[in-house]
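Peer 1: Starting off with a structure, shown below.
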Amino acid sequence: MAAFPTTRWSLIQASDRQPGEVAAAWGDLVRDYRPAIIGYFRRGGIVRDAEDLAQEFLLRSMRDGWWSRADPEVGSFRRFLLVLLKRFQAMQYDAGHRRFEVTGAIVEESDHGQTPERQFDLEFALCLTRTALAQLRGEYEGNGRAELFDTLRPWLSETPMHGELVALSASVGVAPNTLAVQLKRLRARFQKAVRAALTDLSLDAEHAAADLDALRVVLGSDAGA
Amino acid sequence: MAMTRQQPETQPGSRKQGEDIVSEPGLLGIARAGLSGSPEAMLWDDLNLNDPDDRHFGDYELLERIGRGGMGVVFRAHQISLGREVAVKFIVGSLADNTRAVARFLAEARAAARLHHPHIVPVFEVGSVEGMHFFSMPLLRGQTLAQRIDARKMPRADCVALLLKLGAAVEYAHSLGLLHLDLKPANVLFDEHAQPLIGDFGLARHMDEAGGVDAQEVSGTPAYMAPEQIAVAPHRLDKRTDVYALGAILYELLTGVSPHGQGDAKAQMRQAAMGSIIPPRALDAMIAPDLEAICLKCLRGDPQERYAAVADLNADLARYRDGNDVSARKPLWSERVARSLRRHPAITLATTAALAAMVIGLAATSWQWQRAERERVEAARQQALATAQAMRMRQLAGLMAAAFPTGEATRDERASSARAAVAWLKQNASSDPSTQRAVLTSFREALTAANKADAVAALLSEIVDQLGVDYREQQVERLAQKGDRDSLMAAALIGIPRGADGVSSAAHEQVLKRLFSDYSDDQFALYIAALACNVQPQPCTHSEYETQLTAQFPDNAVHWVLIPRGSAPTDAAIASNVLQAARANEFDDQLAAMTGLLRAALRDQQVPDSILQPMQAVVEQSDVAPSLRRNAVDSVALPIYADIVRVCKPANVEALQVVGLRDACGTFAQKGMRSTGASILSRMVSSAILRRLYKGTPLETEAKEYRREYTWLSQSVWVNDYTRKNPGDSDSLQEDIARYGEWEAWQRQAERAGASRTPPEGWLPVDPRMLMLSEERDRDSAK
């Protein structure tokens with residue numbers, strides 16, 4: 001069996017791939033995580049439509065093959081994207097005197113106390129979540145259990161009270177205890193799917209764990225804000 | 001599960017800060033839930049094994065957590081569909097989070113599941129349930145080798161014997177293209193017979209065309225990892241990587257410590273990468289220099305300097321065990337003489353003489369010495385050849401076992417495979433009974449390890465059948481010599497030749513003649529003579545047996561269907577016999593009486609060594625004679641009904657235009673279906689005749705119901721394999737057949753197996769075609 005890249009990210013870094021193949025993979029990635037790029041620009045202090053900037057970022061990255069700048073030491077897509085965004089913003093800021101209207105200074109802290117990096121991470125976590133939810137729903141659908149997934153999805157982050165559980169279980173025709181177990185398993189599978197999505201964007205498990213920690217910090221501090 | 005009340009975020013007013021950035025309500029909370037906690041908690045902290053819902057995973061009910069490692073959580077579990085206890089390992093940790101790694105893992109696990117070797121833990125099933133990937137394997141309750149090493153130091157001979165077994169297993173995996181890459185004492189388990197089994201092919205990889213794999217990541221266990229596993233790119237891993245691990249295991253067996261020292265994982269990996277290993281004899285001077293050399297050759301830093309294959313390592317270990325020179329080290333001259341004296345005294349005399357002669361300078365004795373040396377080398381070569389041959393036999397036995405059909409196969413398919421296996425064994429094993437036994441033992445072990453107990457049963461039946469030829473001939477001669485009525489009748493039944501080309505022996509022919517001449521007024525004796533002549537593969541040339549039987553005892557319908565095949569009867573002649581049979585009052589195919597007769601005749605018979613030895617490979621010594629007896633009794637003959645069935649088909653009844661034939665067929669078949677003296681075969685043949693002749697009538701309904709009851713009993717007694725798994729009850733079944741007839745005996749056996757005598761109302765077999773007539777099945781298959 002031939003060796004193959006273990007993650008979507010290592011495929012971008014692989015040197016033995018056709019350029020077109022890597023460009024397509026990069027394009028898919030940045031499109032999937034566009035909301036995080038927009039989020040970064042929204043808090044980036046450049047007074048220009050964040051969506052426009054994101055679009056320009058995507059086009060430039062595709063045109064100039066920015067993925068080839070990926071240093072092997074940068075072990076994940078998230079980190080690399082942040083590096084690129086910072087460079088791009090600096091470039092835009094420098095050019096801003098000529099081409100763009102600028103507020104006068106890059107705003108380090110947003111109204112909500114969000115830096116561009118934090119906003120990026122927050123959106124990045126949501127993108128991951130969407131990917132994981134879509135993946136998981138596909139799995140449930142594949143087993144003919146899409147209805148169960150849709151019923152339980154709103155309860156992924158909350159715990160239903162007994163009465164609600166009874167009502168839910170009646171609606172899907174299973175015993176309350178069975179449904180409680182199903183919910184517990186769905187949550188575990190969801191957590192697993194999130195980690196799988198993150199691992200897919202990292203060089204190895206160690207880098208995935210570091211990204212997971214960083215995203216947790218952002219989500220945790222946001223919860224407390 | 002805690003039931004604390006919190007508003008789900010889908011409800012109005014529950015949005016938290018940050019949600020203005022997303023359009024999906026509740027997504028932020030879900031993201032928090034997704035990135036927090038640990039998915040493994042489902043199998044660990046949050047699992048309530050007392051909750052039937054919680055412990056139920058697909059086909060498995062988890063009963064007890066029995067282990068947790070970096071890559072998996074292992075449970076003792078009940079496999080519901082097969083009603084057995086197994087070990088189920090769920091994949092957790094970073095491996096489980098990587099979808100491509102999981103795909104690779106599953107591919108390798110499936111490859112490992114194809115391994116069938118007596119020293120490899122078989123993988124029963126690889127799959128996923130509730131998003132958790134798992135594989136199942138037998139529940140082994142013995143210690144691991146790691147625990148044994150901790151508990152006590154193993155005698156050196158045992159270490160070598162153990163390594164030889166592990167080596168054979170690894171070599172087998174290599175021969176199928178798999179590298180293990182995580183061989184270590186903790187992955188060697190002992191079964192209830194203290195046999196070692198290599199498990200956990202979790203890191204195993206399939207070799208590419210160049211015979212290796214690229215090192216992709218640092219994986220393995222530091223104490224047993226080869227330098228190339230630690231350095232990763234651009235290194236390649238191949239068979240020699242496993243050789244290194246086997247060497248590390250040997251090192252630990254001999255010295256009690258890892259070759260990489262006793263530091264932490266990083267220190268051990270550094271030590272391995274540097275390749276500086278303390279020679280075993282520096283830790284224990286009692287270790288033989290040859291064994292040390294073998295061990296160190298496995299542990300060379302440069303793979304090129306190690307054994308190229310595990311087979312080479314095993315060959316050296318076998319040489320060491322047998323006191324011969326090993327390839328890993330050139331022995332000192334003094335060692336060579338001493339060793340030679342110990343192993344080959346006759347040759348050594350010549351060698352010693354040659355040595356003395358050389359000292360005084362006689363050229364002639366130099367030649368003599370060389371000849372002696374050549375003989376010694378040849379003897380060693382022959383021995384290595386024999387060892388290699390034995391290994392090959394064991395491997396082939398493993399492969400044969402792998403090809404054996406599993407429980408889903410029909411009994412016919414299993415029997416057919418068993419026949420092929422026995423033919424192979426006969427061809428490949430020598431005629432020496434002890435060798436046959438050894439090879440059969442390997443084969444049985446491989447089948448058992450592959451959890452093919454049903455195949456073992458089929459194999460047993462076939463071996464008994466094949467070896468039983470000698471046994472039966474012996475019994476025919478013994479019983480013929482005894483010469484009393486019952487002995488002659490038993491000999492007549494046992495001696496019926498089997499197989500399409502079987503020919504009745506002279507002794508058997510003689511027995512039939514004696515029955516006919518000496519017991520011409522004895523209904524049972526005449527019936528057996530006519531039956532034995534009628535059912536043998538070659539045409540029966542003694543029509544007088546049947547003529548005499550029907551002339552003297554016309555009142556049993558079965559007597560009229562024993563038409564000698566050699567007489568080439570016309571359909572009209574057969575129709576005439578059916579008309580006669582319909583007039584008879586009785587229908588008794590004598591199965592009960594014949595079963596009782598054979599059981600009595602074969603009781604307490606000794607089995608000769610030529611049969612006893614190979615049979616012991618598949619059954620306990622005490623069960624050899626009963627197995628042969630059961631087989632002989634199970635094979636008792638019944639009439640061949642094909643001609644009657646054909647003539648009684650509606651189209652033939654019409655075409656023959658024999659007056660009363662349709663009613664005669666119906667009368668004959670009704671007797672056959674309802675008679676307590678009719679065997680199940682006779683009943684089912686009768687049922688089929690009636691179903692064809694009386695479509696849409698109550699008779700057809702009754703005949704179908706008999707078929708349904710038979711199918712139910714067949715499933716209860718045989719399909720679930722109760723009788724095969726309970727050989728004692730097989731005897732009970734035969735005893736009941738002799739006492740109550742076959743139908744009643746099956747009903748009793750069904751009760752012993754925990755089923756009812758008759759099928760529940762509305763019960764139908766899983767495959768409804770079992771209830772169809774043969775032509776209906778054909779039509780159904782053609783759809």
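Identifiers for the structure tokens are assigned positionally: chains receive A, B, ... in sequence, residues are indexed from 1 per chain, and ligands are indexed from 1 in the order shown.
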Within 7 Å of chain B, which residues of chain A come that close, and what is the closest atom pair and distance in Å for each? Count only C-alpha atoms and give it as JSON lines.

Peer 2:
{"residue": "A:Met1", "atom": "CA", "partner": "B:Asp208", "partner_atom": "CA", "distance": 5.0}
{"residue": "A:Ala2", "atom": "CA", "partner": "B:Asp208", "partner_atom": "CA", "distance": 6.4}
{"residue": "A:Ala3", "atom": "CA", "partner": "B:Asp214", "partner_atom": "CA", "distance": 6.6}
{"residue": "A:Thr6", "atom": "CA", "partner": "B:Arg100", "partner_atom": "CA", "distance": 5.5}
{"residue": "A:Thr7", "atom": "CA", "partner": "B:Arg100", "partner_atom": "CA", "distance": 6.6}
{"residue": "A:Ala125", "atom": "CA", "partner": "B:Ala31", "partner_atom": "CA", "distance": 6.6}
{"residue": "A:Leu126", "atom": "CA", "partner": "B:Ala31", "partner_atom": "CA", "distance": 6.1}
{"residue": "A:Thr129", "atom": "CA", "partner": "B:Ala31", "partner_atom": "CA", "distance": 5.5}
{"residue": "A:Pro154", "atom": "CA", "partner": "B:Thr10", "partner_atom": "CA", "distance": 6.5}
{"residue": "A:Trp155", "atom": "CA", "partner": "B:Pro8", "partner_atom": "CA", "distance": 6.4}
{"residue": "A:Leu156", "atom": "CA", "partner": "B:Ile30", "partner_atom": "CA", "distance": 6.0}
{"residue": "A:Ser157", "atom": "CA", "partner": "B:Ile30", "partner_atom": "CA", "distance": 5.0}
{"residue": "A:Glu158", "atom": "CA", "partner": "B:Pro8", "partner_atom": "CA", "distance": 5.5}
{"residue": "A:Thr159", "atom": "CA", "partner": "B:Met3", "partner_atom": "CA", "distance": 6.4}
{"residue": "A:Pro160", "atom": "CA", "partner": "B:Arg5", "partner_atom": "CA", "distance": 6.6}
{"residue": "A:Met161", "atom": "CA", "partner": "B:Met3", "partner_atom": "CA", "distance": 5.3}
{"residue": "A:His162", "atom": "CA", "partner": "B:Met3", "partner_atom": "CA", "distance": 6.6}
{"residue": "A:Thr178", "atom": "CA", "partner": "B:Asp53", "partner_atom": "CA", "distance": 5.7}
{"residue": "A:Val181", "atom": "CA", "partner": "B:Asp54", "partner_atom": "CA", "distance": 5.8}
{"residue": "A:Arg185", "atom": "CA", "partner": "B:Met42", "partner_atom": "CA", "distance": 6.8}
{"residue": "A:Ala188", "atom": "CA", "partner": "B:Pro39", "partner_atom": "CA", "distance": 4.4}
{"residue": "A:Arg189", "atom": "CA", "partner": "B:Gly131", "partner_atom": "CA", "distance": 6.1}
{"residue": "A:Phe190", "atom": "CA", "partner": "B:Gly34", "partner_atom": "CA", "distance": 6.0}
{"residue": "A:Gln191", "atom": "CA", "partner": "B:Gly34", "partner_atom": "CA", "distance": 4.5}
{"residue": "A:Lys192", "atom": "CA", "partner": "B:Pro39", "partner_atom": "CA", "distance": 5.6}
{"residue": "A:Val194", "atom": "CA", "partner": "B:Gly34", "partner_atom": "CA", "distance": 6.2}
{"residue": "A:Arg195", "atom": "CA", "partner": "B:Asp97", "partner_atom": "CA", "distance": 5.6}
{"residue": "A:Ala196", "atom": "CA", "partner": "B:Asp97", "partner_atom": "CA", "distance": 4.2}
{"residue": "A:Thr199", "atom": "CA", "partner": "B:Asn98", "partner_atom": "CA", "distance": 5.7}
{"residue": "A:Asp200", "atom": "CA", "partner": "B:Asn98", "partner_atom": "CA", "distance": 6.4}
{"residue": "A:Ala205", "atom": "CA", "partner": "B:Ser94", "partner_atom": "CA", "distance": 5.9}
{"residue": "A:Arg216", "atom": "CA", "partner": "B:Leu35", "partner_atom": "CA", "distance": 6.4}
{"residue": "A:Leu219", "atom": "CA", "partner": "B:Arg32", "partner_atom": "CA", "distance": 6.3}

Peer 1: For Phe88 in chain A, list every protein, DNA or RNA residue within 10 Å, evaluated using only C-alpha atoms, and leave out those in the same chain fewer than 6 positions away; present the list as a list in words.

Peer 2: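 After dropping sequence-adjacent residues, the list is Leu53, Glu56, Phe57, Arg60, Ser61, Leu82 and Asp94 of chain A.
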
Peer 1: Limited to N, CA and C atoms, could you put the picked residues into a file as an mmCIF file, in the first residue's frame?

Peer 2:
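Listed below is the output, out_0.cif:
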data_model
loop_
_atom_site.group_PDB
_atom_site.id
_atom_site.type_symbol
_atom_site.label_atom_id
_atom_site.label_comp_id
_atom_site.auth_asym_id
_atom_site.auth_seq_id
_atom_site.Cartn_x
_atom_site.Cartn_y
_atom_site.Cartn_z
ATOM 1 N N LEU A 53 -12.666 42.420 1.110
ATOM 2 C CA LEU A 53 -11.277 42.074 1.450
ATOM 3 C C LEU A 53 -11.064 40.567 1.411
ATOM 4 N N GLU A 56 -10.805 39.452 -2.073
ATOM 5 C CA GLU A 56 -9.505 39.777 -2.652
ATOM 6 C C GLU A 56 -8.424 38.830 -2.114
ATOM 7 N N PHE A 57 -8.534 38.564 -0.820
ATOM 8 C CA PHE A 57 -7.585 37.642 -0.190
ATOM 9 C C PHE A 57 -7.640 36.266 -0.878
ATOM 10 N N ARG A 60 -6.195 36.544 -4.454
ATOM 11 C CA ARG A 60 -4.725 36.700 -4.464
ATOM 12 C C ARG A 60 -4.040 35.393 -4.051
ATOM 13 N N SER A 61 -4.616 34.753 -3.040
ATOM 14 C CA SER A 61 -3.981 33.510 -2.556
ATOM 15 C C SER A 61 -3.985 32.461 -3.650
ATOM 16 N N LEU A 82 -3.761 32.309 9.568
ATOM 17 C CA LEU A 82 -3.576 33.515 10.403
ATOM 18 C C LEU A 82 -2.337 34.295 9.963
ATOM 19 N N ASP A 94 -0.351 49.231 4.443
ATOM 20 C CA ASP A 94 0.675 50.039 3.792
ATOM 21 C C ASP A 94 0.129 50.695 2.538
#

Peer 1: Quote the spacing between CA of Glu473 in chain B and CA of Ile563 in chain B in Å to one decimal place.

Peer 2: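 According to the coordinates, CA of Glu473 in chain B and CA of Ile563 in chain B are separated by 26.1 Å.
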
Peer 1: Run DSSP on the backbone and tell me which residues of range 475-694 of chain B come out as helix (DSSP H, G or I); list them as a PyMOL selection string.

Peer 2: chain B and resi 475-482+485-494+506-518+523-535+543-552+557-561+565-567+571-583+591-602+609-615+621-634+642-647+650-656+661-674+680-693

Peer 1: Need the shell around His260 in chain B: protein/DNA/RNA residues with any atom at most 9 Å away, counting only C-alpha atoms. Skip same-chain ones fewer than 3 positions apart. Format as a list in words?

Peer 2: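 The contact residues come out as Pro222, Ala223, Tyr224, Ala248, Val257, Gly263, Ala267, Gln268, Met269, Arg270, Gln271, Ala272, Gly275, Ser276, Ile277 and Ile278 of chain B.
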
Peer 1: Store the residues of this selection in a file with all heavy atoms, as a short mmCIF file (atom, residue, chain, number, x, y, z; two decimals), in the first residue's frame.

Peer 2:
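Result saved to selection.cif:
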data_model
loop_
_atom_site.label_atom_id
_atom_site.label_comp_id
_atom_site.auth_asym_id
_atom_site.auth_seq_id
_atom_site.Cartn_x
_atom_site.Cartn_y
_atom_site.Cartn_z
N PRO B 222 8.71 2.28 22.56
CA PRO B 222 10.14 2.58 22.56
C PRO B 222 11.05 1.41 22.91
O PRO B 222 12.10 1.25 22.30
CB PRO B 222 10.25 3.70 23.59
CG PRO B 222 8.93 4.39 23.52
CD PRO B 222 7.92 3.31 23.25
N ALA B 223 10.65 0.59 23.87
CA ALA B 223 11.54 -0.49 24.30
C ALA B 223 11.78 -1.52 23.21
O ALA B 223 12.74 -2.29 23.28
CB ALA B 223 10.96 -1.18 25.54
N TYR B 224 10.93 -1.56 22.18
CA TYR B 224 11.04 -2.60 21.17
C TYR B 224 11.14 -2.05 19.74
O TYR B 224 11.11 -2.78 18.78
CB TYR B 224 9.83 -3.55 21.27
CG TYR B 224 9.61 -4.01 22.68
CD1 TYR B 224 8.75 -3.32 23.53
CD2 TYR B 224 10.32 -5.09 23.20
CE1 TYR B 224 8.58 -3.70 24.85
CE2 TYR B 224 10.17 -5.48 24.53
CZ TYR B 224 9.30 -4.76 25.35
OH TYR B 224 9.16 -5.13 26.65
N ALA B 248 14.35 -7.85 20.40
CA ALA B 248 14.19 -7.10 21.65
C ALA B 248 13.42 -7.93 22.67
O ALA B 248 13.70 -7.90 23.88
CB ALA B 248 13.48 -5.78 21.37
N VAL B 257 15.51 -7.26 31.09
CA VAL B 257 15.42 -5.81 30.84
C VAL B 257 15.35 -5.54 29.34
O VAL B 257 15.70 -6.40 28.52
CB VAL B 257 16.63 -5.03 31.42
CG1 VAL B 257 16.64 -5.11 32.93
CG2 VAL B 257 17.93 -5.55 30.82
N GLY B 263 15.37 3.57 31.03
CA GLY B 263 14.98 4.98 31.15
C GLY B 263 13.56 5.21 30.68
O GLY B 263 12.82 4.25 30.38
N ALA B 267 14.45 8.45 26.56
CA ALA B 267 15.79 7.90 26.76
C ALA B 267 15.93 6.59 26.00
O ALA B 267 16.97 6.31 25.39
CB ALA B 267 16.03 7.68 28.26
N GLN B 268 14.87 5.78 26.03
CA GLN B 268 14.93 4.49 25.33
C GLN B 268 15.04 4.71 23.82
O GLN B 268 15.76 3.99 23.12
CB GLN B 268 13.69 3.67 25.65
CG GLN B 268 13.69 3.16 27.09
CD GLN B 268 12.69 2.04 27.29
OE1 GLN B 268 11.81 1.83 26.49
NE2 GLN B 268 12.85 1.33 28.39
N MET B 269 14.32 5.71 23.32
CA MET B 269 14.39 5.97 21.88
C MET B 269 15.78 6.49 21.50
O MET B 269 16.31 6.14 20.44
CB MET B 269 13.30 6.97 21.48
CG MET B 269 11.94 6.26 21.33
SD MET B 269 10.50 7.30 21.40
CE MET B 269 10.54 8.15 19.89
N ARG B 270 16.37 7.28 22.37
CA ARG B 270 17.73 7.76 22.10
C ARG B 270 18.69 6.58 22.02
O ARG B 270 19.51 6.46 21.12
CB ARG B 270 18.17 8.72 23.22
CG ARG B 270 17.91 10.20 22.91
CD ARG B 270 18.77 11.09 23.78
NE ARG B 270 18.67 10.79 25.19
CZ ARG B 270 17.73 11.26 26.01
NH1 ARG B 270 16.79 12.06 25.53
NH2 ARG B 270 17.70 10.94 27.29
N GLN B 271 18.54 5.69 23.02
CA GLN B 271 19.41 4.51 23.09
C GLN B 271 19.27 3.67 21.81
O GLN B 271 20.25 3.21 21.24
CB GLN B 271 19.00 3.68 24.31
CG GLN B 271 19.90 2.50 24.57
CD GLN B 271 20.89 2.80 25.67
OE1 GLN B 271 20.89 3.90 26.24
NE2 GLN B 271 21.74 1.85 25.98
N ALA B 272 18.00 3.50 21.38
CA ALA B 272 17.76 2.69 20.19
C ALA B 272 18.39 3.35 18.96
O ALA B 272 19.00 2.69 18.13
CB ALA B 272 16.26 2.51 19.97
N GLY B 275 22.00 2.84 18.83
CA GLY B 275 22.36 1.46 18.54
C GLY B 275 23.35 0.86 19.52
O GLY B 275 23.98 -0.15 19.22
N SER B 276 23.51 1.45 20.68
CA SER B 276 24.44 0.89 21.66
C SER B 276 23.67 -0.02 22.63
O SER B 276 22.87 0.46 23.42
CB SER B 276 25.12 2.02 22.44
OG SER B 276 24.15 2.86 23.00
N ILE B 277 23.92 -1.29 22.46
CA ILE B 277 23.18 -2.28 23.26
C ILE B 277 24.16 -3.10 24.09
O ILE B 277 25.18 -3.59 23.57
CB ILE B 277 22.35 -3.18 22.33
CG1 ILE B 277 21.17 -2.35 21.78
CG2 ILE B 277 21.85 -4.42 23.05
CD1 ILE B 277 20.44 -2.98 20.67
N ILE B 278 23.86 -3.22 25.35
CA ILE B 278 24.73 -4.02 26.23
C ILE B 278 24.55 -5.49 25.88
O ILE B 278 23.42 -5.98 25.86
CB ILE B 278 24.36 -3.79 27.71
CG1 ILE B 278 24.51 -2.31 28.05
CG2 ILE B 278 25.20 -4.66 28.63
CD1 ILE B 278 23.94 -1.92 29.39
#

Peer 1: Show me, as a PyMOL selection string, the residues that have an atom within 12 Å of Ala651 in chain B when counting only C-alpha atoms, minus same-chain residues fewer than 3 positions from it.

Peer 2: chain B and resi 645-648+654-657+661-662+692-693

Peer 1: Can you pull out every residue within 6 Å of Phe135 in chain B, counting only C-alpha atoms, but drop anything in the same chain fewer than 2 positions away, and send it as a ChimeraX atom specification?

Peer 2: /B:88-89,125-126
